[in-house]
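Asker: This is the structure I want to talk about, given as structure tokens.
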Protein chains: 2
Amino acid sequence: MKKLQQDAAKRADVDFSRLSDALAGTTRAVDAELDGILSAAEGPHARVLEAMRYATFAGGKRLRPFLVLTSSRLFGVDLANARRVAASLEVMHTYSLVHDDLPCMDNDDLRRGRPTTHIAFDEMTAVLAGDALLTLAFEILADEKTHASAEVRCRLIARLAEAAGRHGMIGGQMMDMLAPQRKLSGDEVVHLQQLKTGQLFEFACEAGAILGGAPEEDRARLRDYARDMGLIFQITDDLLDVTSSADKTGKSVGKDSAQGKATFVSIFGVSRAREEAKKLARRAAGTVAPYGNVAPELSELPLFLIDRES
Amino acid sequence: MKKLQQDAAKRADVDFSRLSDALAGTTRAVDAELDGILSAAEGPHARVLEAMRYATFAGGKRLRPFLVLTSSRLFGVDLANARRVAASLEVMHTYSLVHDDLPCMDNDDLRRGRPTTHIAFDEMTAVLAGDALLTLAFEILADEKTHASAEVRCRLIARLAEAAGRHGMIGGQMMDMLAPQRKLSGDEVVHLQQLKTGQLFEFACEAGAILGGAPEEDRARLRDYARDMGLIFQITDDLLDVTSSADKTGKSVGKDSAQGKATFVSIFGVSRAREEAKKLARRAAGTVAPYGNVAPELSELPLFLIDRES
């Protein structure tokens, strides 16, 4: 996270200082919220609580919470409500990382520069911590502290379950795991990533509209933006996997091709993938241009992401 | 399931035929509901959908759905609503079995006479299918088909998340996994099982009261009943593990002591465990005696469980 902010600050061509401040502010806000929700690790089951905290406070970039808080600001949502939804989404995202890193999935030992949860604890604890984080995401949303209206809370829960579920993120992860067994086309990789990464980005951007009761026009606009953002994020992730080092990214690199995975880079090559990310970033920035007065950071984020080093 | 009904029918000392019919009716109702919810396995992620169906339609006894439907009947709840909640709970229970059977947990190859999900598919698919079932449980509850009132739906979601989460079922599973490393007392085993098994039984019994807006007095009575039922179920499960065969139970037996787990039987011995189960069954039957006119099966179930052979 620090690295991301330093990256932002030092780039002279575009001034990302406002975005950098906003990202740092999100991290403080959502970490405080999560700290309150994830109770101290006490009792005979303390180990699973420790593992939940370990996985959650691992220096994540908090990009999804940032999108929740920013989309909420567009529609005048109470910050206390937005923070709860941001925490729920981050907890959902964290569970997916814990389970994806397991030996039977991506078998990753390193994430954000630290041992992954099943390395720091053990596999059984990592499975349970992931399950508990997934359950907690819904527990947070169902609580009236998240929004006074139960209708709104149910809408958030239904949307998050859809985004994270069998036809969303989990479906994408299944496709990703099966990919080495057959050659995916470019369209298939786009579809896979729209599920695996894109769906939670979509929820992040729509959450503010749901909390604020925004019209469908805004929801559709934010969904378009989120879809591009998910792809930009994934393409830049794939680029980092081949062009960067573990030292910079804080995770194992070069693993995708070693595992025979189909990525944007393996299909399109480095330079076309980079071009595609830039094209998407320009489009995404244009999509949210109408919100420029209230939340100019929304347009800056895609441009910032394509230059990221971690 | 068939075996359970046959067992019920052939026992001459008590007439369990009414209970047997009610259990069979529950299975038909909840299986039809689940069949409608778990869509056909299509698309590039079909494998995870297949695994979800495989785990769900495995001849489970549907005890928890039975308790949801029966507690709902007490308070005049619409059967369509009760069936949705029963399906949600069964899906939650199924995910917990899929993950508990994983090599890094109980490492079980056999359940209900069939290969466990990670054997029939593979570990990665089993982890994802479990995650997707857990997510689906909340998706079902959040849908307005489950109840017209979003308040009621949120109450169900909050209660299920609490029952299944880090301080509930998952906390109990964590304690169970850590048990071989230290000697548990009798009280600790009771506490562990109240979390691991008891919490979902509690939800099952309370669900009807939540759906029907029953007074706290009824909720408390049903919670008491559920707590005893959870223990009876677990004690008889532990007894079957030492006294029965894989042929009868449809799962591996003798594993608890092989894994050094603390169970009711390892702590109290067979005859005291059996006595304790009988004592609890009499108490549970008495607790729900006031509902005898509407739902006499509630009093019969504990007596029936202590004689079960699978």
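Letters for chains follow the order of the structure tokens (A, B, ...), residue numbers begin at 1 for each chain, and ligand numbers begin at 1 in the order shown.
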Write out as a ChimeraX atom specification each polymer residue whose atoms come within 12 Å of Gly165 (chain B), counting only C-alpha atoms; drop sequence neighbours fewer than 4 positions from it.

Answerer: /A:45,48-49,52,128-140 /B:92,96,134,157-161,169-174,195-196,199-200

Asker: Tell me, which residues of region 40-279 of chain B carry DSSP alpha helix (DSSP H), written as a short mmCIF file (atom, residue, chain, number, x, y, z; two decimals) with N, CA and C atoms, in the first residue's frame?

Answerer:
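Result saved to result16.cif:
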```cif
data_model
loop_
_atom_site.label_atom_id
_atom_site.label_comp_id
_atom_site.auth_asym_id
_atom_site.auth_seq_id
_atom_site.Cartn_x
_atom_site.Cartn_y
_atom_site.Cartn_z
N ALA B 46 -19.27 -25.31 -15.48
CA ALA B 46 -20.24 -26.37 -15.13
C ALA B 46 -19.72 -27.30 -14.04
N ARG B 47 -18.42 -27.51 -14.01
CA ARG B 47 -17.86 -28.47 -13.05
C ARG B 47 -18.21 -28.12 -11.60
N VAL B 48 -18.14 -26.85 -11.26
CA VAL B 48 -18.44 -26.49 -9.87
C VAL B 48 -19.95 -26.65 -9.59
N LEU B 49 -20.78 -26.42 -10.59
CA LEU B 49 -22.23 -26.60 -10.43
C LEU B 49 -22.55 -28.08 -10.24
N GLU B 50 -21.88 -28.93 -11.01
CA GLU B 50 -22.06 -30.39 -10.87
C GLU B 50 -21.69 -30.84 -9.46
N ALA B 51 -20.56 -30.32 -8.98
CA ALA B 51 -20.09 -30.72 -7.64
C ALA B 51 -21.06 -30.25 -6.57
N MET B 52 -21.65 -29.08 -6.76
CA MET B 52 -22.64 -28.58 -5.79
C MET B 52 -23.85 -29.51 -5.74
N ARG B 53 -24.31 -29.94 -6.91
CA ARG B 53 -25.45 -30.86 -6.96
C ARG B 53 -25.07 -32.24 -6.37
N TYR B 54 -23.89 -32.69 -6.72
CA TYR B 54 -23.43 -33.99 -6.21
C TYR B 54 -23.45 -34.01 -4.69
N ALA B 55 -22.92 -32.93 -4.08
CA ALA B 55 -22.84 -32.89 -2.62
C ALA B 55 -24.23 -32.73 -1.99
N THR B 56 -25.09 -31.99 -2.67
CA THR B 56 -26.41 -31.69 -2.10
C THR B 56 -27.36 -32.88 -2.19
N LEU B 63 -32.57 -33.64 8.36
CA LEU B 63 -33.08 -33.39 9.71
C LEU B 63 -33.29 -31.91 9.97
N ARG B 64 -32.32 -31.08 9.52
CA ARG B 64 -32.43 -29.64 9.76
C ARG B 64 -33.61 -29.05 9.00
N PRO B 65 -33.78 -29.41 7.70
CA PRO B 65 -34.99 -28.95 7.00
C PRO B 65 -36.28 -29.40 7.71
N PHE B 66 -36.28 -30.62 8.23
CA PHE B 66 -37.47 -31.11 8.94
C PHE B 66 -37.78 -30.18 10.12
N LEU B 67 -36.75 -29.77 10.85
CA LEU B 67 -36.96 -28.89 12.00
C LEU B 67 -37.43 -27.50 11.56
N VAL B 68 -36.93 -27.03 10.41
CA VAL B 68 -37.40 -25.73 9.89
C VAL B 68 -38.88 -25.83 9.53
N LEU B 69 -39.25 -26.86 8.79
CA LEU B 69 -40.65 -26.99 8.35
C LEU B 69 -41.57 -27.19 9.56
N THR B 70 -41.14 -27.97 10.52
CA THR B 70 -42.00 -28.26 11.66
C THR B 70 -42.14 -27.03 12.57
N SER B 71 -41.02 -26.34 12.84
CA SER B 71 -41.13 -25.13 13.67
C SER B 71 -41.94 -24.06 12.94
N SER B 72 -41.89 -24.04 11.63
CA SER B 72 -42.69 -23.07 10.87
C SER B 72 -44.18 -23.37 11.00
N ARG B 73 -44.51 -24.65 11.00
CA ARG B 73 -45.92 -25.05 11.09
C ARG B 73 -46.54 -24.57 12.41
N LEU B 74 -45.70 -24.55 13.46
CA LEU B 74 -46.20 -24.10 14.77
C LEU B 74 -46.77 -22.69 14.72
N LEU B 79 -45.92 -22.46 3.75
CA LEU B 79 -44.99 -23.56 3.45
C LEU B 79 -43.93 -23.15 2.43
N ALA B 80 -44.34 -22.31 1.44
CA ALA B 80 -43.38 -21.89 0.41
C ALA B 80 -42.20 -21.15 1.04
N ASN B 81 -42.48 -20.31 2.02
CA ASN B 81 -41.41 -19.59 2.72
C ASN B 81 -40.54 -20.54 3.53
N ALA B 82 -41.19 -21.44 4.26
CA ALA B 82 -40.44 -22.38 5.09
C ALA B 82 -39.53 -23.27 4.25
N ARG B 83 -40.02 -23.66 3.09
CA ARG B 83 -39.20 -24.51 2.20
C ARG B 83 -37.93 -23.80 1.75
N ARG B 84 -38.04 -22.49 1.45
CA ARG B 84 -36.86 -21.73 1.04
C ARG B 84 -35.82 -21.69 2.16
N VAL B 85 -36.27 -21.44 3.39
CA VAL B 85 -35.34 -21.38 4.51
C VAL B 85 -34.72 -22.75 4.76
N ALA B 86 -35.55 -23.79 4.63
CA ALA B 86 -35.03 -25.16 4.79
C ALA B 86 -33.95 -25.45 3.75
N ALA B 87 -34.18 -25.01 2.53
CA ALA B 87 -33.20 -25.23 1.46
C ALA B 87 -31.91 -24.46 1.75
N SER B 88 -32.04 -23.23 2.21
CA SER B 88 -30.86 -22.43 2.55
C SER B 88 -30.02 -23.12 3.62
N LEU B 89 -30.70 -23.59 4.66
CA LEU B 89 -29.98 -24.24 5.76
C LEU B 89 -29.32 -25.53 5.31
N GLU B 90 -30.00 -26.30 4.47
CA GLU B 90 -29.42 -27.57 4.02
C GLU B 90 -28.18 -27.32 3.16
N VAL B 91 -28.23 -26.25 2.37
CA VAL B 91 -27.09 -25.88 1.54
C VAL B 91 -25.91 -25.46 2.43
N MET B 92 -26.21 -24.75 3.50
CA MET B 92 -25.17 -24.35 4.46
C MET B 92 -24.56 -25.58 5.12
N HIS B 93 -25.42 -26.50 5.54
CA HIS B 93 -24.95 -27.74 6.16
C HIS B 93 -24.09 -28.55 5.17
N THR B 94 -24.53 -28.59 3.92
CA THR B 94 -23.81 -29.36 2.90
C THR B 94 -22.40 -28.80 2.68
N TYR B 95 -22.30 -27.46 2.60
CA TYR B 95 -20.96 -26.88 2.42
C TYR B 95 -20.04 -27.32 3.56
N SER B 96 -20.59 -27.34 4.79
CA SER B 96 -19.73 -27.66 5.93
C SER B 96 -19.24 -29.10 5.84
N LEU B 97 -20.06 -29.99 5.33
CA LEU B 97 -19.62 -31.38 5.15
C LEU B 97 -18.53 -31.48 4.08
N VAL B 98 -18.73 -30.77 2.98
CA VAL B 98 -17.75 -30.82 1.88
C VAL B 98 -16.38 -30.34 2.36
N HIS B 99 -16.36 -29.23 3.07
CA HIS B 99 -15.07 -28.72 3.56
C HIS B 99 -14.51 -29.58 4.71
N ASP B 100 -15.38 -30.07 5.59
CA ASP B 100 -14.89 -30.90 6.69
C ASP B 100 -14.25 -32.20 6.19
N THR B 117 -16.94 -35.41 -1.96
CA THR B 117 -16.87 -34.54 -3.14
C THR B 117 -15.45 -34.39 -3.70
N HIS B 118 -14.46 -34.27 -2.81
CA HIS B 118 -13.09 -34.09 -3.32
C HIS B 118 -12.54 -35.38 -3.92
N ILE B 119 -13.15 -36.53 -3.59
CA ILE B 119 -12.76 -37.79 -4.23
C ILE B 119 -13.47 -37.93 -5.58
N ALA B 120 -14.76 -37.64 -5.60
CA ALA B 120 -15.53 -37.75 -6.84
C ALA B 120 -15.08 -36.71 -7.87
N GLU B 123 -9.86 -31.81 -5.10
CA GLU B 123 -9.84 -30.91 -3.95
C GLU B 123 -10.24 -29.48 -4.32
N MET B 124 -9.67 -29.00 -5.41
CA MET B 124 -9.93 -27.62 -5.82
C MET B 124 -11.42 -27.41 -6.09
N THR B 125 -12.02 -28.37 -6.78
CA THR B 125 -13.45 -28.25 -7.07
C THR B 125 -14.28 -28.34 -5.80
N ALA B 126 -13.85 -29.17 -4.86
CA ALA B 126 -14.57 -29.31 -3.59
C ALA B 126 -14.50 -28.01 -2.77
N VAL B 127 -13.33 -27.38 -2.74
CA VAL B 127 -13.22 -26.11 -2.03
C VAL B 127 -14.17 -25.09 -2.65
N LEU B 128 -14.15 -25.00 -3.99
CA LEU B 128 -15.00 -24.01 -4.67
C LEU B 128 -16.48 -24.34 -4.52
N ALA B 129 -16.84 -25.61 -4.61
CA ALA B 129 -18.25 -25.99 -4.46
C ALA B 129 -18.74 -25.63 -3.06
N GLY B 130 -17.90 -25.88 -2.05
CA GLY B 130 -18.26 -25.50 -0.68
C GLY B 130 -18.45 -23.99 -0.56
N ASP B 131 -17.51 -23.23 -1.10
CA ASP B 131 -17.62 -21.77 -1.07
C ASP B 131 -18.92 -21.31 -1.75
N ALA B 132 -19.23 -21.95 -2.87
CA ALA B 132 -20.42 -21.53 -3.64
C ALA B 132 -21.71 -21.91 -2.90
N LEU B 133 -21.71 -23.05 -2.21
CA LEU B 133 -22.90 -23.44 -1.44
C LEU B 133 -23.10 -22.47 -0.26
N LEU B 134 -22.01 -22.12 0.40
CA LEU B 134 -22.08 -21.17 1.51
C LEU B 134 -22.66 -19.83 1.03
N THR B 135 -22.17 -19.36 -0.11
CA THR B 135 -22.66 -18.10 -0.67
C THR B 135 -24.13 -18.21 -1.06
N LEU B 136 -24.48 -19.36 -1.64
CA LEU B 136 -25.86 -19.59 -2.08
C LEU B 136 -26.84 -19.56 -0.91
N ALA B 137 -26.42 -20.05 0.25
CA ALA B 137 -27.33 -20.06 1.41
C ALA B 137 -27.85 -18.65 1.68
N PHE B 138 -26.96 -17.66 1.58
CA PHE B 138 -27.38 -16.28 1.84
C PHE B 138 -28.15 -15.70 0.66
N GLU B 139 -27.77 -16.11 -0.54
CA GLU B 139 -28.50 -15.65 -1.73
C GLU B 139 -29.97 -16.07 -1.63
N ILE B 140 -30.21 -17.29 -1.20
CA ILE B 140 -31.59 -17.80 -1.07
C ILE B 140 -32.35 -16.95 -0.05
N LEU B 141 -31.73 -16.69 1.09
CA LEU B 141 -32.44 -15.95 2.15
C LEU B 141 -32.73 -14.50 1.76
N ALA B 142 -31.82 -13.88 0.98
CA ALA B 142 -31.99 -12.46 0.65
C ALA B 142 -33.10 -12.22 -0.36
N ALA B 150 -38.49 -7.60 4.19
CA ALA B 150 -37.02 -7.56 4.17
C ALA B 150 -36.46 -7.59 5.59
N GLU B 151 -37.22 -7.06 6.54
CA GLU B 151 -36.80 -7.13 7.96
C GLU B 151 -36.62 -8.59 8.38
N VAL B 152 -37.63 -9.40 8.05
CA VAL B 152 -37.56 -10.82 8.42
C VAL B 152 -36.39 -11.50 7.71
N ARG B 153 -36.21 -11.17 6.43
CA ARG B 153 -35.09 -11.79 5.69
C ARG B 153 -33.74 -11.41 6.32
N CYS B 154 -33.59 -10.15 6.69
CA CYS B 154 -32.33 -9.74 7.31
C CYS B 154 -32.12 -10.43 8.66
N ARG B 155 -33.22 -10.62 9.39
CA ARG B 155 -33.10 -11.30 10.69
C ARG B 155 -32.62 -12.75 10.49
N LEU B 156 -33.18 -13.41 9.48
CA LEU B 156 -32.76 -14.78 9.17
C LEU B 156 -31.28 -14.81 8.76
N ILE B 157 -30.88 -13.87 7.93
CA ILE B 157 -29.49 -13.83 7.45
C ILE B 157 -28.53 -13.58 8.60
N ALA B 158 -28.87 -12.61 9.45
CA ALA B 158 -28.00 -12.30 10.59
C ALA B 158 -27.86 -13.51 11.51
N ARG B 159 -28.99 -14.18 11.75
CA ARG B 159 -28.98 -15.33 12.66
C ARG B 159 -28.20 -16.50 12.06
N LEU B 160 -28.38 -16.74 10.76
CA LEU B 160 -27.65 -17.85 10.11
C LEU B 160 -26.15 -17.55 10.07
N ALA B 161 -25.80 -16.30 9.78
CA ALA B 161 -24.37 -15.93 9.72
C ALA B 161 -23.74 -16.13 11.10
N GLU B 162 -24.47 -15.76 12.14
CA GLU B 162 -23.96 -15.93 13.50
C GLU B 162 -23.80 -17.42 13.82
N ALA B 163 -24.83 -18.21 13.49
CA ALA B 163 -24.81 -19.64 13.81
C ALA B 163 -23.69 -20.37 13.06
N ALA B 164 -23.46 -19.98 11.80
CA ALA B 164 -22.51 -20.71 10.97
C ALA B 164 -21.10 -20.15 11.05
N MET B 169 -20.53 -22.41 14.15
CA MET B 169 -20.10 -23.69 13.58
C MET B 169 -18.60 -23.72 13.24
N ILE B 170 -18.10 -22.66 12.62
CA ILE B 170 -16.68 -22.67 12.22
C ILE B 170 -15.78 -22.67 13.46
N GLY B 171 -16.17 -21.91 14.48
CA GLY B 171 -15.41 -21.92 15.74
C GLY B 171 -15.36 -23.33 16.32
N GLY B 172 -16.49 -24.03 16.27
CA GLY B 172 -16.54 -25.41 16.76
C GLY B 172 -15.66 -26.33 15.96
N GLN B 173 -15.66 -26.15 14.65
CA GLN B 173 -14.81 -26.99 13.80
C GLN B 173 -13.33 -26.72 14.09
N MET B 174 -12.99 -25.45 14.33
CA MET B 174 -11.60 -25.11 14.67
C MET B 174 -11.21 -25.83 15.96
N MET B 175 -12.08 -25.78 16.98
CA MET B 175 -11.80 -26.47 18.24
C MET B 175 -11.63 -27.97 18.03
N ASP B 176 -12.49 -28.52 17.18
CA ASP B 176 -12.44 -29.96 16.91
C ASP B 176 -11.11 -30.34 16.26
N MET B 177 -10.64 -29.49 15.35
CA MET B 177 -9.38 -29.78 14.64
C MET B 177 -8.18 -29.66 15.59
N LEU B 178 -8.30 -28.78 16.58
CA LEU B 178 -7.19 -28.59 17.52
C LEU B 178 -7.22 -29.61 18.66
N GLY B 186 -14.89 -32.85 29.62
CA GLY B 186 -16.26 -33.12 29.20
C GLY B 186 -16.99 -31.83 28.85
N ASP B 187 -16.84 -30.80 29.69
CA ASP B 187 -17.49 -29.52 29.42
C ASP B 187 -17.02 -28.90 28.11
N GLU B 188 -15.73 -29.07 27.84
CA GLU B 188 -15.19 -28.50 26.60
C GLU B 188 -15.75 -29.22 25.37
N VAL B 189 -15.92 -30.53 25.48
CA VAL B 189 -16.50 -31.28 24.35
C VAL B 189 -17.95 -30.85 24.13
N VAL B 190 -18.69 -30.66 25.24
CA VAL B 190 -20.07 -30.18 25.11
C VAL B 190 -20.08 -28.81 24.42
N HIS B 191 -19.20 -27.91 24.84
CA HIS B 191 -19.15 -26.58 24.25
C HIS B 191 -18.81 -26.66 22.76
N LEU B 192 -17.79 -27.45 22.45
CA LEU B 192 -17.37 -27.64 21.06
C LEU B 192 -18.54 -28.11 20.19
N GLN B 193 -19.26 -29.11 20.68
CA GLN B 193 -20.35 -29.67 19.88
C GLN B 193 -21.56 -28.74 19.82
N GLN B 199 -25.31 -25.23 16.74
CA GLN B 199 -25.73 -23.92 16.24
C GLN B 199 -26.67 -24.02 15.04
N LEU B 200 -26.42 -24.92 14.12
CA LEU B 200 -27.32 -25.04 12.97
C LEU B 200 -28.65 -25.66 13.38
N PHE B 201 -28.64 -26.55 14.37
CA PHE B 201 -29.91 -27.07 14.91
C PHE B 201 -30.71 -25.92 15.54
N GLU B 202 -30.00 -25.05 16.27
CA GLU B 202 -30.69 -23.90 16.87
C GLU B 202 -31.35 -23.03 15.80
N PHE B 203 -30.56 -22.75 14.74
CA PHE B 203 -31.14 -21.94 13.67
C PHE B 203 -32.37 -22.63 13.09
N ALA B 204 -32.27 -23.95 12.87
CA ALA B 204 -33.39 -24.70 12.28
C ALA B 204 -34.66 -24.52 13.11
N CYS B 205 -34.51 -24.62 14.42
CA CYS B 205 -35.68 -24.54 15.29
C CYS B 205 -36.19 -23.11 15.45
N GLU B 206 -35.27 -22.15 15.43
CA GLU B 206 -35.68 -20.76 15.58
C GLU B 206 -36.26 -20.19 14.29
N ALA B 207 -35.90 -20.78 13.15
CA ALA B 207 -36.28 -20.20 11.86
C ALA B 207 -37.80 -20.03 11.76
N GLY B 208 -38.55 -21.06 12.19
CA GLY B 208 -40.00 -20.96 12.12
C GLY B 208 -40.52 -19.81 12.97
N ALA B 209 -39.90 -19.63 14.14
CA ALA B 209 -40.31 -18.55 15.03
C ALA B 209 -40.00 -17.18 14.42
N ILE B 210 -38.86 -17.08 13.74
CA ILE B 210 -38.51 -15.81 13.09
C ILE B 210 -39.47 -15.54 11.94
N LEU B 211 -39.69 -16.56 11.10
CA LEU B 211 -40.60 -16.41 9.96
C LEU B 211 -42.00 -16.03 10.41
N GLU B 216 -40.72 -14.17 22.09
CA GLU B 216 -39.43 -14.64 22.59
C GLU B 216 -39.57 -15.91 23.42
N GLU B 217 -40.68 -16.06 24.11
CA GLU B 217 -40.89 -17.26 24.93
C GLU B 217 -40.79 -18.53 24.07
N ASP B 218 -41.41 -18.48 22.90
CA ASP B 218 -41.33 -19.64 22.00
C ASP B 218 -39.92 -19.83 21.45
N ARG B 219 -39.29 -18.71 21.11
CA ARG B 219 -37.92 -18.82 20.59
C ARG B 219 -37.01 -19.47 21.62
N ALA B 220 -37.16 -19.06 22.88
CA ALA B 220 -36.30 -19.61 23.95
C ALA B 220 -36.57 -21.11 24.13
N ARG B 221 -37.87 -21.48 24.09
CA ARG B 221 -38.23 -22.90 24.23
C ARG B 221 -37.63 -23.73 23.10
N LEU B 222 -37.72 -23.20 21.89
CA LEU B 222 -37.19 -23.94 20.75
C LEU B 222 -35.67 -24.01 20.76
N ARG B 223 -35.04 -22.95 21.28
CA ARG B 223 -33.58 -22.98 21.42
C ARG B 223 -33.15 -24.07 22.40
N ASP B 224 -33.86 -24.16 23.54
CA ASP B 224 -33.56 -25.20 24.52
C ASP B 224 -33.66 -26.59 23.89
N TYR B 225 -34.75 -26.79 23.19
CA TYR B 225 -34.98 -28.06 22.49
C TYR B 225 -33.84 -28.34 21.50
N ALA B 226 -33.48 -27.31 20.73
CA ALA B 226 -32.45 -27.48 19.69
C ALA B 226 -31.10 -27.81 20.31
N ARG B 227 -30.80 -27.20 21.45
CA ARG B 227 -29.52 -27.46 22.10
C ARG B 227 -29.42 -28.92 22.51
N ASP B 228 -30.49 -29.43 23.10
CA ASP B 228 -30.50 -30.85 23.46
C ASP B 228 -30.41 -31.73 22.22
N MET B 229 -31.17 -31.37 21.18
CA MET B 229 -31.17 -32.16 19.95
C MET B 229 -29.79 -32.24 19.33
N GLY B 230 -29.06 -31.11 19.34
CA GLY B 230 -27.71 -31.09 18.78
C GLY B 230 -26.81 -32.07 19.52
N LEU B 231 -26.92 -32.06 20.85
CA LEU B 231 -26.09 -32.97 21.65
C LEU B 231 -26.48 -34.42 21.44
N ILE B 232 -27.79 -34.68 21.42
CA ILE B 232 -28.25 -36.06 21.17
C ILE B 232 -27.71 -36.56 19.84
N PHE B 233 -27.84 -35.70 18.84
CA PHE B 233 -27.38 -36.09 17.51
C PHE B 233 -25.89 -36.41 17.54
N GLN B 234 -25.11 -35.58 18.23
CA GLN B 234 -23.67 -35.77 18.24
C GLN B 234 -23.26 -36.99 19.06
N ILE B 235 -23.91 -37.17 20.20
CA ILE B 235 -23.58 -38.34 21.03
C ILE B 235 -23.89 -39.63 20.26
N THR B 236 -25.05 -39.67 19.61
CA THR B 236 -25.40 -40.88 18.86
C THR B 236 -24.45 -41.06 17.67
N ASP B 237 -23.99 -39.94 17.10
CA ASP B 237 -23.00 -40.02 16.02
C ASP B 237 -21.70 -40.63 16.54
N ASP B 238 -21.27 -40.18 17.72
CA ASP B 238 -20.05 -40.73 18.33
C ASP B 238 -20.22 -42.21 18.66
N LEU B 239 -21.42 -42.57 19.14
CA LEU B 239 -21.69 -43.98 19.46
C LEU B 239 -21.61 -44.83 18.21
N LEU B 240 -22.22 -44.34 17.11
CA LEU B 240 -22.20 -45.09 15.86
C LEU B 240 -20.76 -45.27 15.37
N ASP B 241 -19.92 -44.26 15.63
CA ASP B 241 -18.53 -44.33 15.17
C ASP B 241 -17.78 -45.50 15.80
N VAL B 242 -18.17 -45.88 17.03
CA VAL B 242 -17.47 -47.01 17.67
C VAL B 242 -18.25 -48.31 17.63
N THR B 243 -19.59 -48.24 17.46
CA THR B 243 -20.37 -49.47 17.58
C THR B 243 -20.91 -49.98 16.25
N ALA B 246 -19.19 -49.32 8.57
CA ALA B 246 -19.31 -48.41 7.43
C ALA B 246 -20.50 -48.82 6.55
N ASP B 247 -20.78 -50.10 6.52
CA ASP B 247 -21.88 -50.60 5.72
C ASP B 247 -23.20 -50.00 6.18
N LYS B 248 -23.38 -49.92 7.49
CA LYS B 248 -24.63 -49.37 8.01
C LYS B 248 -24.68 -47.85 7.97
N THR B 249 -23.58 -47.20 8.35
CA THR B 249 -23.62 -45.74 8.46
C THR B 249 -23.34 -45.04 7.15
N LYS B 255 -12.92 -43.61 13.04
CA LYS B 255 -11.91 -42.61 12.70
C LYS B 255 -11.62 -41.66 13.84
N ASP B 256 -12.66 -41.39 14.65
CA ASP B 256 -12.48 -40.40 15.71
C ASP B 256 -11.35 -40.80 16.66
N SER B 257 -11.39 -42.07 17.10
CA SER B 257 -10.35 -42.48 18.05
C SER B 257 -9.01 -42.61 17.33
N ALA B 258 -9.04 -43.06 16.06
CA ALA B 258 -7.80 -43.16 15.30
C ALA B 258 -7.13 -41.79 15.18
N PHE B 264 -17.74 -37.71 22.94
CA PHE B 264 -18.51 -38.05 24.13
C PHE B 264 -18.18 -39.46 24.60
N VAL B 265 -17.96 -40.35 23.62
CA VAL B 265 -17.69 -41.74 23.97
C VAL B 265 -16.29 -41.90 24.56
N SER B 266 -15.30 -41.20 23.98
CA SER B 266 -13.93 -41.34 24.50
C SER B 266 -13.84 -40.77 25.91
N ILE B 267 -14.66 -39.79 26.22
CA ILE B 267 -14.61 -39.18 27.55
C ILE B 267 -15.49 -39.91 28.56
N PHE B 268 -16.72 -40.24 28.15
CA PHE B 268 -17.66 -40.83 29.12
C PHE B 268 -17.78 -42.34 29.01
N VAL B 270 -19.04 -45.79 26.44
CA VAL B 270 -20.25 -46.10 25.67
C VAL B 270 -21.50 -46.06 26.54
N SER B 271 -21.47 -46.70 27.70
CA SER B 271 -22.75 -46.85 28.42
C SER B 271 -23.18 -45.52 29.04
N ARG B 272 -22.21 -44.73 29.54
CA ARG B 272 -22.63 -43.45 30.11
C ARG B 272 -23.09 -42.49 29.00
N ALA B 273 -22.43 -42.55 27.85
CA ALA B 273 -22.84 -41.70 26.71
C ALA B 273 -24.27 -42.04 26.29
N ARG B 274 -24.55 -43.36 26.28
CA ARG B 274 -25.90 -43.79 25.87
C ARG B 274 -26.94 -43.31 26.89
N GLU B 275 -26.60 -43.41 28.17
CA GLU B 275 -27.51 -42.93 29.22
C GLU B 275 -27.77 -41.43 29.10
N GLU B 276 -26.66 -40.70 28.85
CA GLU B 276 -26.77 -39.24 28.72
C GLU B 276 -27.70 -38.87 27.55
N ALA B 277 -27.56 -39.59 26.43
CA ALA B 277 -28.40 -39.32 25.26
C ALA B 277 -29.87 -39.56 25.60
N LYS B 278 -30.12 -40.63 26.34
CA LYS B 278 -31.51 -40.94 26.71
C LYS B 278 -32.09 -39.86 27.61
N LYS B 279 -31.27 -39.40 28.56
CA LYS B 279 -31.71 -38.36 29.49
C LYS B 279 -32.06 -37.08 28.72
#
```

Asker: Which residue is closest to chain A? Choose from B:Pro302, B:Met105, B:Ala262, B:Ala281 and count only C-alpha atoms.

Answerer: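 Checking each candidate against chain A, we get B:Met105 as the closest.
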
Asker: Rounded to one decimal in Å, what is the spacing between CA of Arg62 (chain B) and CA of Leu110 (chain B)?

Answerer: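 Going from CA of Arg62 (chain B) over to CA of Leu110 (chain B), I get 18.3 Å.
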